[in-house]
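Coordinates from target07.txt are shown below (compact mmCIF, C-alpha atoms).
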# COMPACT_ATOMS: atom_id res chain seq x y z
CA MET A 1 67.18 -9.69 -41.59
CA LEU A 2 68.59 -12.59 -39.58
CA TYR A 3 69.07 -16.04 -41.03
CA PHE A 4 69.55 -19.20 -38.97
CA GLU A 5 71.81 -21.85 -40.41
CA ASP A 6 70.90 -24.33 -37.72
CA GLU A 7 67.18 -24.98 -37.24
CA LYS A 8 67.78 -26.18 -33.67
CA HIS A 9 67.90 -22.48 -32.62
CA ILE A 10 64.30 -21.87 -33.83
CA LEU A 11 61.69 -22.09 -31.01
CA THR A 12 57.94 -22.35 -31.09
CA LEU A 13 55.97 -19.66 -29.29
CA SER A 14 54.90 -22.08 -26.57
CA GLU A 15 58.53 -23.13 -26.07
CA LEU A 16 59.57 -19.52 -25.76
CA ASN A 17 56.71 -18.78 -23.35
CA ASN A 18 57.67 -21.76 -21.24
CA LEU A 19 61.21 -20.40 -21.02
CA ILE A 20 59.81 -17.09 -19.80
CA LYS A 21 57.54 -18.90 -17.35
CA ASP A 22 60.48 -20.90 -15.96
CA SER A 23 62.63 -17.80 -15.72
CA ILE A 24 59.99 -15.87 -13.80
CA GLU A 25 59.33 -18.74 -11.43
CA ILE A 26 63.09 -19.07 -10.74
CA THR A 27 64.00 -15.38 -10.52
CA MET A 28 60.79 -14.02 -8.87
CA PRO A 29 59.62 -16.59 -6.33
CA ASP A 30 58.67 -14.01 -3.70
CA VAL A 31 55.57 -11.89 -3.14
CA TYR A 32 55.65 -8.09 -3.52
CA TRP A 33 53.65 -5.10 -2.27
CA VAL A 34 52.93 -2.74 -5.16
CA LYS A 35 51.02 0.56 -5.26
CA ALA A 36 49.13 1.41 -8.43
CA GLU A 37 45.97 3.00 -9.77
CA LEU A 38 43.07 0.89 -10.99
CA ALA A 39 42.29 1.64 -14.63
CA SER A 40 39.47 -0.91 -14.67
CA VAL A 41 37.89 -3.53 -12.41
CA ARG A 42 35.54 -6.30 -13.42
CA GLU A 43 34.21 -9.50 -11.88
CA SER A 44 33.59 -12.69 -13.83
CA ARG A 45 32.64 -16.10 -12.48
CA GLY A 46 33.68 -15.09 -8.99
CA HIS A 47 37.14 -13.85 -10.04
CA CYS A 48 38.23 -10.20 -10.12
CA TYR A 49 40.24 -8.89 -13.08
CA MET A 50 42.11 -5.57 -12.80
CA GLU A 51 44.10 -3.26 -15.05
CA LEU A 52 46.89 -1.58 -13.07
CA ILE A 53 48.53 1.64 -14.22
CA GLU A 54 51.10 4.12 -12.98
CA LYS A 55 50.95 7.73 -14.16
CA GLU A 56 53.74 10.22 -14.52
CA ASP A 57 53.49 13.67 -12.97
CA SER A 58 53.18 15.37 -16.38
CA THR A 59 49.86 15.24 -18.25
CA ASN A 60 48.92 14.74 -21.89
CA PHE A 61 46.74 17.05 -23.99
CA SER A 62 43.53 15.63 -22.54
CA GLY A 63 44.51 16.49 -19.00
CA ASP A 64 45.07 12.88 -17.91
CA GLY A 65 48.37 11.70 -16.51
CA ILE A 66 50.69 9.97 -18.93
CA ILE A 67 50.80 6.23 -18.25
CA ALA A 68 54.28 5.20 -17.21
CA ALA A 69 53.54 1.51 -16.56
CA GLN A 70 50.67 -0.88 -17.07
CA ALA A 71 49.95 -4.49 -16.10
CA ARG A 72 47.16 -6.98 -15.61
CA ALA A 73 46.23 -8.43 -12.24
CA CYS A 74 43.86 -11.18 -11.18
CA CYS A 75 42.39 -12.13 -7.84
CA TRP A 76 41.08 -15.68 -7.88
CA GLN A 77 37.68 -16.51 -6.44
CA ASN A 78 38.84 -18.15 -3.20
CA THR A 79 40.92 -15.05 -2.37
CA TRP A 80 38.49 -12.46 -3.78
CA THR A 81 35.53 -13.71 -1.70
CA ARG A 82 37.64 -12.94 1.38
CA LEU A 83 39.26 -9.67 0.29
CA SER A 84 36.24 -7.93 -1.34
CA PRO A 85 33.98 -7.66 1.76
CA LYS A 86 37.00 -6.75 3.90
CA PHE A 87 37.92 -3.89 1.55
CA GLN A 88 34.35 -2.65 1.24
CA ASN A 89 33.67 -2.78 4.97
CA THR A 90 36.81 -0.75 5.65
CA THR A 91 36.53 1.85 2.89
CA GLY A 92 32.74 1.95 2.54
CA GLU A 93 33.09 1.46 -1.23
CA PRO A 94 33.86 -1.44 -3.56
CA LEU A 95 36.96 -1.46 -5.71
CA ARG A 96 36.41 0.89 -8.67
CA ALA A 97 38.35 2.54 -11.43
CA GLY A 98 40.40 5.55 -10.36
CA MET A 99 41.30 4.20 -6.93
CA SER A 100 44.88 4.04 -5.69
CA VAL A 101 45.53 0.65 -4.14
CA LEU A 102 48.29 -1.21 -2.34
CA LEU A 103 48.33 -4.85 -3.46
CA CYS A 104 50.26 -7.90 -2.36
CA VAL A 105 51.05 -9.73 -5.60
CA LYS A 106 52.92 -12.68 -6.98
CA ALA A 107 54.26 -12.91 -10.55
CA ASN A 108 52.53 -15.34 -12.87
CA PHE A 109 53.12 -16.17 -16.52
CA HIS A 110 50.72 -18.38 -18.43
CA ILE A 111 51.89 -19.69 -21.78
CA SER A 112 48.44 -19.03 -23.31
CA PHE A 113 47.39 -15.79 -21.59
CA GLY A 114 50.70 -14.12 -20.89
CA PHE A 115 51.93 -12.27 -17.82
CA SER A 116 49.74 -11.08 -14.94
CA TRP A 117 50.07 -10.40 -11.24
CA ILE A 118 48.13 -12.68 -8.90
CA VAL A 119 46.63 -10.62 -6.08
CA LEU A 120 47.05 -12.25 -2.67
CA ASP A 121 46.05 -9.35 -0.40
CA ILE A 122 44.84 -5.72 -0.47
CA ASP A 123 45.60 -3.03 2.09
CA PRO A 124 42.39 -0.96 2.33
CA THR A 125 43.91 1.62 4.68
CA PHE A 126 46.24 2.78 1.91
CA THR A 127 43.29 3.45 -0.40
CA MET A 128 41.40 5.37 2.17
CA GLY A 129 44.11 7.95 2.81
CA ASP A 130 43.46 11.17 4.62
CA MET A 131 40.80 12.38 2.17
CA ALA A 132 38.97 9.06 2.10
CA ARG A 133 39.01 8.79 5.88
CA ARG A 134 37.52 12.28 6.11
CA ARG A 135 34.79 11.29 3.66
CA GLN A 136 33.98 8.21 5.71
CA GLU A 137 33.77 10.24 8.89
CA ILE A 138 31.29 12.62 7.24
CA ILE A 139 29.23 9.74 5.89
CA LYS A 140 29.16 8.05 9.31
CA GLN A 141 28.10 11.34 10.92
CA LEU A 142 25.29 11.78 8.38
CA LYS A 143 24.09 8.24 9.00
CA LYS A 144 24.30 8.77 12.74
CA GLU A 145 22.11 11.89 12.38
CA GLY A 146 19.65 9.83 10.30
CA VAL A 147 19.77 12.18 7.30
CA PHE A 148 21.98 10.24 4.88
CA ASP A 149 19.02 8.87 2.88
CA LEU A 150 16.59 11.69 3.71
CA ASN A 151 16.69 13.48 0.35
CA LYS A 152 16.69 10.17 -1.51
CA GLN A 153 13.32 9.38 0.05
CA LEU A 154 11.76 12.36 -1.75
CA ARG A 155 9.95 11.63 -4.99
CA LEU A 156 10.66 13.79 -8.01
CA SER A 157 7.37 15.08 -9.39
CA PRO A 158 6.48 13.39 -12.68
CA PHE A 159 5.61 16.91 -13.92
CA ALA A 160 8.85 18.57 -12.70
CA LYS A 161 9.36 21.62 -14.94
CA ARG A 162 10.25 24.43 -12.53
CA ILE A 163 13.96 24.00 -11.80
CA ALA A 164 16.15 25.97 -9.40
CA VAL A 165 19.73 25.77 -10.70
CA ILE A 166 22.80 26.26 -8.49
CA SER A 167 25.83 26.85 -10.68
CA SER A 168 28.37 29.39 -11.75
CA ALA A 169 26.76 31.76 -14.25
CA THR A 170 29.82 31.58 -16.50
CA ALA A 171 30.34 27.82 -16.32
CA ALA A 172 30.24 25.98 -19.64
CA GLY A 173 28.38 23.18 -17.90
CA TYR A 174 25.54 25.58 -17.02
CA GLY A 175 25.25 26.70 -20.64
CA ASP A 176 25.24 23.09 -21.85
CA PHE A 177 22.58 22.24 -19.29
CA CYS A 178 20.29 25.09 -20.36
CA ASN A 179 20.78 24.42 -24.08
CA GLN A 180 19.97 20.73 -23.79
CA LEU A 181 17.05 21.33 -21.43
CA HIS A 182 15.29 23.99 -23.52
CA ASP A 183 16.09 22.52 -26.95
CA ASN A 184 14.65 19.09 -26.17
CA GLU A 185 13.12 16.98 -28.93
CA TYR A 186 9.72 16.86 -27.23
CA GLY A 187 9.25 20.61 -27.08
CA PHE A 188 8.83 20.58 -23.28
CA MET A 189 8.83 24.07 -21.76
CA PHE A 190 11.03 24.16 -18.65
CA GLU A 191 11.25 27.12 -16.28
CA THR A 192 14.77 27.56 -14.91
CA ARG A 193 16.12 30.14 -12.49
CA LEU A 194 19.81 30.46 -11.75
CA PHE A 195 21.05 30.89 -8.18
CA ALA A 196 24.68 31.80 -8.87
CA ALA A 197 27.27 30.19 -6.62
CA THR A 198 30.99 29.58 -6.49
CA MET A 199 31.64 26.02 -7.66
CA GLN A 200 35.39 25.72 -6.99
CA GLY A 201 37.63 26.64 -4.11
CA ALA A 202 37.16 27.37 -0.43
CA GLN A 203 33.94 29.36 -0.90
CA VAL A 204 31.93 26.49 -2.41
CA GLU A 205 30.34 25.36 0.87
CA HIS A 206 29.23 28.84 1.99
CA SER A 207 28.10 29.86 -1.50
CA ILE A 208 25.93 26.79 -2.18
CA ILE A 209 24.37 26.92 1.31
CA ASN A 210 23.39 30.57 0.69
CA ALA A 211 21.84 29.57 -2.63
CA LEU A 212 19.86 26.77 -0.93
CA GLU A 213 18.58 29.23 1.69
CA GLU A 214 17.43 31.63 -1.04
CA ILE A 215 15.62 28.80 -2.83
CA TYR A 216 14.00 27.77 0.45
CA GLU A 217 12.47 31.24 0.77
CA ASN A 218 10.74 30.66 -2.62
CA LEU A 219 10.10 26.95 -2.11
CA THR A 220 6.64 26.78 -3.71
CA GLN A 221 7.98 28.14 -7.00
CA PHE A 222 10.12 25.08 -7.77
CA ASP A 223 9.81 21.33 -8.28
CA ALA A 224 13.49 20.41 -7.87
CA VAL A 225 16.98 21.79 -7.22
CA VAL A 226 19.89 21.12 -9.58
CA ILE A 227 23.55 21.53 -8.51
CA ILE A 228 25.85 21.37 -11.54
CA ARG A 229 29.43 22.04 -12.60
CA GLY A 230 31.86 20.56 -15.08
CA GLY A 231 34.21 17.74 -14.28
CA GLY A 232 37.49 18.28 -12.50
CA SER A 233 40.22 16.60 -10.57
CA THR A 234 39.56 14.81 -7.31
CA THR A 235 41.14 17.72 -5.45
CA ASP A 236 38.85 20.20 -7.23
CA LEU A 237 35.83 18.21 -6.17
CA SER A 238 36.90 17.70 -2.55
CA CYS A 239 35.13 20.96 -1.64
CA PHE A 240 31.85 19.07 -2.11
CA ASP A 241 32.86 16.66 0.67
CA SER A 242 31.61 19.02 3.39
CA LEU A 243 29.53 18.04 6.41
CA ALA A 244 27.64 21.36 6.58
CA LEU A 245 26.88 21.29 2.83
CA ALA A 246 25.86 17.63 3.00
CA GLU A 247 23.51 18.31 5.94
CA ASN A 248 21.84 21.17 4.05
CA VAL A 249 21.36 19.06 0.93
CA ALA A 250 20.14 16.04 2.91
CA ASN A 251 17.55 18.09 4.82
CA PHE A 252 16.34 20.13 1.85
CA PRO A 253 12.57 19.62 1.28
CA LEU A 254 12.86 19.47 -2.52
CA PRO A 255 14.57 16.68 -4.50
CA VAL A 256 18.20 17.63 -5.21
CA ILE A 257 19.84 16.45 -8.44
CA THR A 258 23.61 16.72 -8.78
CA GLY A 259 25.83 16.78 -11.83
CA ILE A 260 29.18 17.93 -10.53
CA GLY A 261 31.67 15.42 -11.93
CA HIS A 262 32.26 12.05 -13.51
CA ASP A 263 31.49 8.59 -12.15
CA ARG A 264 34.94 8.13 -10.65
CA ASP A 265 34.72 11.55 -8.95
CA GLN A 266 31.63 10.92 -6.83
CA SER A 267 31.38 13.39 -3.96
CA ILE A 268 29.45 13.12 -0.69
CA ILE A 269 26.59 15.31 -1.90
CA ASP A 270 26.33 12.96 -4.90
CA LEU A 271 25.82 10.13 -2.42
CA ILE A 272 23.09 11.87 -0.42
CA ALA A 273 21.28 13.72 -3.25
CA CYS A 274 17.96 12.38 -4.47
CA HIS A 275 19.54 11.70 -7.88
CA SER A 276 23.16 11.91 -9.02
CA MET A 277 24.27 12.22 -12.66
CA LYS A 278 27.65 12.28 -14.39
CA THR A 279 27.48 15.72 -15.99
CA PRO A 280 25.18 18.77 -16.31
CA THR A 281 23.94 17.51 -19.67
CA ALA A 282 23.13 14.16 -18.05
CA VAL A 283 21.02 16.05 -15.49
CA ALA A 284 19.18 17.83 -18.31
CA ALA A 285 18.61 14.50 -20.05
CA PHE A 286 17.30 13.03 -16.78
CA LEU A 287 14.75 15.86 -16.37
CA ILE A 288 13.67 15.54 -20.00
CA ASP A 289 13.35 11.77 -19.65
CA ASN A 290 11.28 12.26 -16.49
CA LEU A 291 8.71 14.35 -18.41
CA ALA A 292 8.96 12.02 -21.41
CA ASP A 293 8.18 9.05 -19.17
CA THR A 294 5.22 10.95 -17.75
CA LEU A 295 3.98 11.78 -21.25
CA GLU A 296 4.41 8.16 -22.28
CA ARG A 297 2.51 6.96 -19.21
CA ILE A 298 -0.29 9.43 -19.95
CA ASN A 299 -0.40 8.23 -23.55
CA ASP A 300 -0.37 4.63 -22.35
CA TYR A 301 -3.22 5.39 -19.96
CA ALA A 302 -5.13 7.13 -22.76
CA ARG A 303 -4.61 4.16 -25.08
CA HIS A 304 -5.49 1.77 -22.27
CA ILE A 305 -8.65 3.70 -21.44
CA THR A 306 -9.57 3.85 -25.13
CA ASP A 307 -9.04 0.09 -25.46
CA ILE A 308 -11.08 -0.56 -22.34
CA VAL A 309 -13.91 1.68 -23.54
CA GLN A 310 -13.88 0.10 -26.99
CA ARG A 311 -13.86 -3.42 -25.55
CA ARG A 312 -16.61 -2.47 -23.12
CA MET A 313 -18.67 -0.90 -25.90
CA GLU A 314 -18.24 -4.02 -28.01
CA THR A 315 -19.16 -6.21 -25.04
CA GLU A 316 -22.23 -4.09 -24.27
CA ARG A 317 -23.17 -4.06 -27.94
CA MET A 318 -23.03 -7.86 -27.99
CA ASN A 319 -24.95 -8.01 -24.70
CA THR A 320 -27.57 -5.64 -26.10
CA HIS A 321 -27.87 -7.76 -29.23
CA ARG A 322 -28.26 -10.91 -27.13
CA ILE A 323 -30.82 -9.17 -24.91
CA GLU A 324 -32.73 -8.01 -27.99
CA GLN A 325 -32.80 -11.55 -29.32
CA TYR A 326 -33.80 -12.90 -25.94
CA LEU A 327 -36.52 -10.27 -25.46
CA SER A 328 -37.88 -10.90 -28.94
CA SER A 329 -38.02 -14.63 -28.33
CA ALA A 330 -39.31 -14.21 -24.77
CA PHE A 331 -41.95 -11.71 -25.93
CA ALA A 332 -43.14 -14.06 -28.66
CA ILE A 333 -43.36 -16.93 -26.16
CA ARG A 334 -45.08 -14.74 -23.55
CA LYS A 335 -47.43 -13.31 -26.17
CA GLU A 336 -48.42 -16.78 -27.30
CA ARG A 337 -48.85 -17.86 -23.68
CA GLU A 338 -50.99 -14.83 -22.82
CA TYR A 339 -53.07 -15.26 -25.95
CA GLY A 340 -53.72 -18.85 -24.84
CA LYS A 341 -54.74 -17.62 -21.39
CA ILE A 342 -57.02 -14.98 -22.93
CA ASN A 343 -58.68 -17.55 -25.20
CA GLU A 344 -59.09 -19.90 -22.26
CA LEU A 345 -60.58 -17.10 -20.11
CA SER A 346 -62.84 -16.06 -23.00
CA SER A 347 -64.16 -19.60 -23.30
CA LYS A 348 -64.68 -19.81 -19.54
CA MET A 349 -66.39 -16.41 -19.48
CA ALA A 350 -68.67 -17.37 -22.38
CA SER A 351 -69.57 -20.63 -20.69
CA ALA A 352 -70.10 -18.89 -17.33
CA MET A 353 -72.23 -16.19 -18.94
CA SER A 354 -74.37 -18.83 -20.65
CA ARG A 355 -74.90 -20.66 -17.37
CA ARG A 356 -75.61 -17.38 -15.58
CA LEU A 357 -78.07 -16.25 -18.24
CA LEU A 358 -79.88 -19.58 -18.02
CA ILE A 359 -80.07 -19.32 -14.22
CA GLU A 360 -81.24 -15.70 -14.33
CA SER A 361 -83.74 -16.50 -17.07
CA LYS A 362 -85.25 -19.25 -14.92
CA ARG A 363 -85.27 -16.92 -11.90
CA ILE A 364 -87.00 -14.17 -13.92
CA GLU A 365 -89.50 -16.69 -15.21
CA ALA A 366 -90.22 -17.84 -11.65
CA ILE A 367 -90.53 -14.22 -10.51
CA SER A 368 -92.88 -13.55 -13.44
CA LEU A 369 -95.12 -16.38 -12.32
CA HIS A 370 -95.29 -15.16 -8.70
CA LEU A 371 -95.33 -11.43 -9.47
CA PRO A 372 -99.18 -10.98 -10.07
CA MET A 373 -100.09 -12.74 -6.90
CA THR A 374 -97.39 -10.90 -5.00
CA LEU A 375 -98.63 -7.55 -6.36
CA THR A 376 -102.23 -8.39 -5.46
CA ASN A 377 -101.21 -9.28 -1.90
CA LEU A 378 -99.09 -6.17 -1.67
CA GLN A 379 -101.97 -3.98 -2.89
CA GLN A 380 -104.34 -5.52 -0.35
CA ARG A 381 -101.88 -5.00 2.52
CA GLU A 382 -101.22 -1.38 1.52
CA ARG A 383 -104.94 -0.68 1.09
CA HIS A 384 -105.66 -2.09 4.55
CA ARG A 385 -102.81 0.01 6.00
CA LEU A 386 -104.19 3.13 4.33
CA ASP A 387 -107.64 2.45 5.81
CA ILE A 388 -106.16 2.22 9.28
CA LEU A 389 -104.19 5.44 8.77
CA GLU A 390 -107.32 7.16 7.51
CA GLN A 391 -109.25 6.12 10.60
CA ARG A 392 -106.46 7.39 12.84
CA ALA A 393 -106.31 10.71 10.98
CA HIS A 394 -110.10 11.09 11.18
CA ALA A 395 -110.01 10.39 14.90
CA LEU A 396 -107.27 13.00 15.41
CA ASP A 397 -109.09 15.70 13.39
CA PRO A 398 -109.43 18.81 15.74
CA VAL A 399 -112.88 19.52 14.29
CA HIS A 400 -114.31 16.66 16.34
CA ILE A 401 -112.74 18.11 19.46
CA LEU A 402 -114.08 21.60 18.67
CA LYS A 403 -117.58 20.16 18.21
CA ARG A 404 -117.41 19.03 21.82
CA GLY A 405 -117.15 22.70 22.88
CA TYR A 406 -113.37 23.24 22.80
CA SER A 407 -111.65 26.11 21.05
CA ILE A 408 -108.03 26.85 19.93
CA ALA A 409 -106.33 30.10 20.91
CA MET A 410 -104.17 31.29 18.01
CA PHE A 411 -101.51 33.96 18.48
CA HIS A 412 -99.79 35.15 15.33
CA GLY A 413 -101.01 32.04 13.49
CA LYS A 414 -99.73 29.57 16.09
CA ALA A 415 -101.66 27.65 18.72
CA VAL A 416 -101.04 28.87 22.28
CA THR A 417 -100.10 25.99 24.57
CA ASP A 418 -98.56 27.93 27.47
CA ALA A 419 -100.26 30.94 29.16
CA SER A 420 -96.88 32.30 30.22
CA GLN A 421 -96.22 33.02 26.56
CA LEU A 422 -98.90 35.74 26.61
CA LYS A 423 -98.97 39.16 28.22
CA VAL A 424 -101.83 41.55 28.99
CA GLY A 425 -103.10 43.28 25.88
CA ASP A 426 -102.14 40.57 23.38
CA GLU A 427 -104.73 39.93 20.69
CA LEU A 428 -105.76 36.35 20.12
CA THR A 429 -108.00 34.49 17.71
CA LEU A 430 -110.26 31.80 19.12
CA VAL A 431 -110.98 29.06 16.58
CA MET A 432 -114.26 27.14 17.35
CA ALA A 433 -116.22 24.44 15.62
CA LYS A 434 -118.25 27.06 13.94
CA GLY A 435 -116.45 30.29 13.27
CA GLU A 436 -113.69 32.36 14.85
CA LYS A 437 -113.64 35.17 17.42
CA ASN A 438 -110.99 37.79 18.07
CA VAL A 439 -110.31 38.43 21.78
CA LYS A 440 -107.89 40.39 23.90
CA VAL A 441 -106.17 39.62 27.19
CA CYS A 442 -107.92 41.86 29.83
CA VAL A 443 -105.60 44.18 31.72
CA SER A 444 -107.56 44.72 34.96
CA LYS A 445 -108.78 41.20 35.54
CA LYS A 446 -106.17 39.45 33.49
CA LYS A 447 -108.81 37.59 31.57
CA ILE A 448 -109.44 37.09 27.92
CA VAL A 449 -112.31 39.36 26.73
CA PRO A 450 -113.78 39.83 23.30
CA LEU A 451 -112.55 42.81 21.33
CA HIS A 452 -116.04 43.59 20.13
CA PRO A 453 -118.65 42.68 22.72
For the structure just supplied, provide its representation as structure tokens.
Amino acid sequence: MLYFEDEKHILTLSELNNLIKDSIEITMPDVYWVKAELASVRESRGHCYMELIEKEDSTNFSGDGIIAAQARACCWQNTWTRLSPKFQNTTGEPLRAGMSVLLCVKANFHISFGFSWIVLDIDPTFTMGDMARRRQEIIKQLKKEGVFDLNKQLRLSPFAKRIAVISSATAAGYGDFCNQLHDNEYGFMFETRLFAATMQGAQVEHSIINALEEIYENLTQFDAVVIIRGGGSTTDLSCFDSLALAENVANFPLPVITGIGHDRDQSIIDLIACHSMKTPTAVAAFLIDNLADTLERINDYARHITDIVQRRMETERMNTHRIEQYLSSAFAIRKEREYGKINELSSKMASAMSRRLLIESKRIEAISLHLPMTLTNLQQRERHRLDILEQRAHALDPVHILKRGYSIAMFHGKAVTDASQLKVGDELTLVMAKGEKNVKVCVSKKKIVPLHP
């Protein structure tokens, strides 16, 4: 333990920090270009705050590089608003964790917040590198062909349960995917079929394309395609940055879901797939959530329909009750009104009938007074008419004609009025005023002669 005899050697923290600040400003007045990896990037109030790290070649037990150096960096708003779009336009991506960057920095020490590098410029060409430039060329080619967003435009069926899986059969990620998918908490029954493919090395492109072609031949049997593998280094995942593979995925008629790495290891087929997840288990969770959302929507619709029906039934019940009350009241009013009309009509009918009876009684009485005289006149007229008819009938009696020497020739009980109706030999009866005589038409002289002379 150190002891100070003279208190003038004891400094406050702010005094000590000011000494450091002065020393840095005196000894490091220049700007420096530094290459580092971004451990984290965040924006706040227009400023960009970064954590810079440098890793050693050796790795720790987790597989990550051992951090050899670490520092904070800040890009103030007036500089960041200029550098951010420039970097993104050049690289096609915003600054993100895991990127290697080349920064132009200036040392800064704040007595309250400590040391940090102030970022004055960023060289985006360094970040791109050969691999990044190749990725950008593939992306530009896909956009030029108009297929970059083609698979993203497909809609995953809300009932997606039949899944074609492209993965290595022995991959741990495939086992995790199947376990999580089939042992879901909802009890959903998924149908999965593995299309085995090489997921690392030079054969990845050819192997996955063959698997996609096999799925295409059985297209109607599936709702979606899943491409999964475990995480890996950026170099391991570079095999997924293939133009031919990207074109096949982009043009595939079913939604493609990828789970081939972590967020910081996003490949080209992650960018063009319909959906991209971090890991195989995240893909399984996404498919489960898709069905869970569908089930929830169905349940919501069922509850909504039930509520609507119940509200409608209650509304109709109230309407029916109001109509019943209205009808009862309206019927009572109408009944009273009709009864009044009936009583009024009854009174009018009774009065009319009384007047009519009085009129008819007077008419009958008048008829009764004139009826004897009318009958007497009628009898006299009819008697006179009968006398005339009797005289006419007496005058037309054939007996009077027969008495004047005429006779009637009867043939088969009918009077003969036309001689052409007879033929020689016909027997006739001559009816005279006194008696009858049978005669026969003479053959030789064609005259009527008596049958018995």
(request) Using only C-alpha atoms, determine which residues lie at most 9 Å from segment 277-292 of chain A, disregarding the query and same-chain residues fewer than 3 positions distant; provide the list as a ChimeraX atom specification. (result) /A:156-161,173-174,176-182,184,186,188,226-231,257-263,265-266,270,295-297
Find the smallest box with edges along x, y and z containing every listed atom of segment 290-301 of chain A, then add 5 Å on each side and report centre and edge lengths in Å to one decimal, as lines of an AutoDock Vina configuration file.
center_x = 4.0
center_y = 9.5
center_z = -20.0
size_x = 24.5
size_y = 19.7
size_z = 17.1
(request) Please measure the separation of atom CA of Ser14 of chain A and atom CA of Ser116 of chain A, giving the value in Å to one decimal. (result) 16.8 Å
(message) Residues near segment 40-56 of chain A, anyone? I mean within 8 Å using all atoms listed in the file, not counting same-chain ones fewer than 6 positions away, as a PyMOL selection string.
(response) chain A and resi 65-77+80-81+95-98
Selected residues written out with C-alpha atoms, as a PDB file, in the coordinates of the input:
ATOM      1  CA  GLY A  65      48.370  11.700 -16.510  1.00  0.00           C
ATOM      2  CA  ILE A  66      50.690   9.970 -18.930  1.00  0.00           C
ATOM      3  CA  ILE A  67      50.800   6.230 -18.250  1.00  0.00           C
ATOM      4  CA  ALA A  68      54.280   5.200 -17.210  1.00  0.00           C
ATOM      5  CA  ALA A  69      53.540   1.510 -16.560  1.00  0.00           C
ATOM      6  CA  GLN A  70      50.670  -0.880 -17.070  1.00  0.00           C
ATOM      7  CA  ALA A  71      49.950  -4.490 -16.100  1.00  0.00           C
ATOM      8  CA  ARG A  72      47.160  -6.980 -15.610  1.00  0.00           C
ATOM      9  CA  ALA A  73      46.230  -8.430 -12.240  1.00  0.00           C
ATOM     10  CA  CYS A  74      43.860 -11.180 -11.180  1.00  0.00           C
ATOM     11  CA  CYS A  75      42.390 -12.130  -7.840  1.00  0.00           C
ATOM     12  CA  TRP A  76      41.080 -15.680  -7.880  1.00  0.00           C
ATOM     13  CA  GLN A  77      37.680 -16.510  -6.440  1.00  0.00           C
ATOM     14  CA  TRP A  80      38.490 -12.460  -3.780  1.00  0.00           C
ATOM     15  CA  THR A  81      35.530 -13.710  -1.700  1.00  0.00           C
ATOM     16  CA  LEU A  95      36.960  -1.460  -5.710  1.00  0.00           C
ATOM     17  CA  ARG A  96      36.410   0.890  -8.670  1.00  0.00           C
ATOM     18  CA  ALA A  97      38.350   2.540 -11.430  1.00  0.00           C
ATOM     19  CA  GLY A  98      40.400   5.550 -10.360  1.00  0.00           C
TER      20      GLY A  98
END
(request) Have a look at A:Thr90, A:Gln221, A:Asn78, A:Ser100 and name the one nearest to Thr127 of chain A; count all atoms listed in the file. (result)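 Once distances to Thr127 of chain A are computed over all atoms listed in the file, the minimum belongs to A:Ser100.
Proximity of A:Cys104, A:Val204, A:Met128, A:Leu396 to Phe87 of chain A, computed with only C-alpha atoms, is greatest for A:Met128.
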(message) Need to verify the contact set: segment 399-413 of chain A, 9 Å, all atoms listed in the file, exclusion of same-chain residues closer than 5 positions in sequence. Can you return it as a PyMOL selection string?
(response) chain A and resi 394+422+426-434
(message) I'd like the contact shell of Ala250 of chain A - 12 Å cut-off, only C-alpha atoms, skipping same-chain residues fewer than 4 positions apart - returned as a PyMOL selection string.
(response) chain A and resi 139+142-143+145-154+209+212+242-246+254-257+268-275
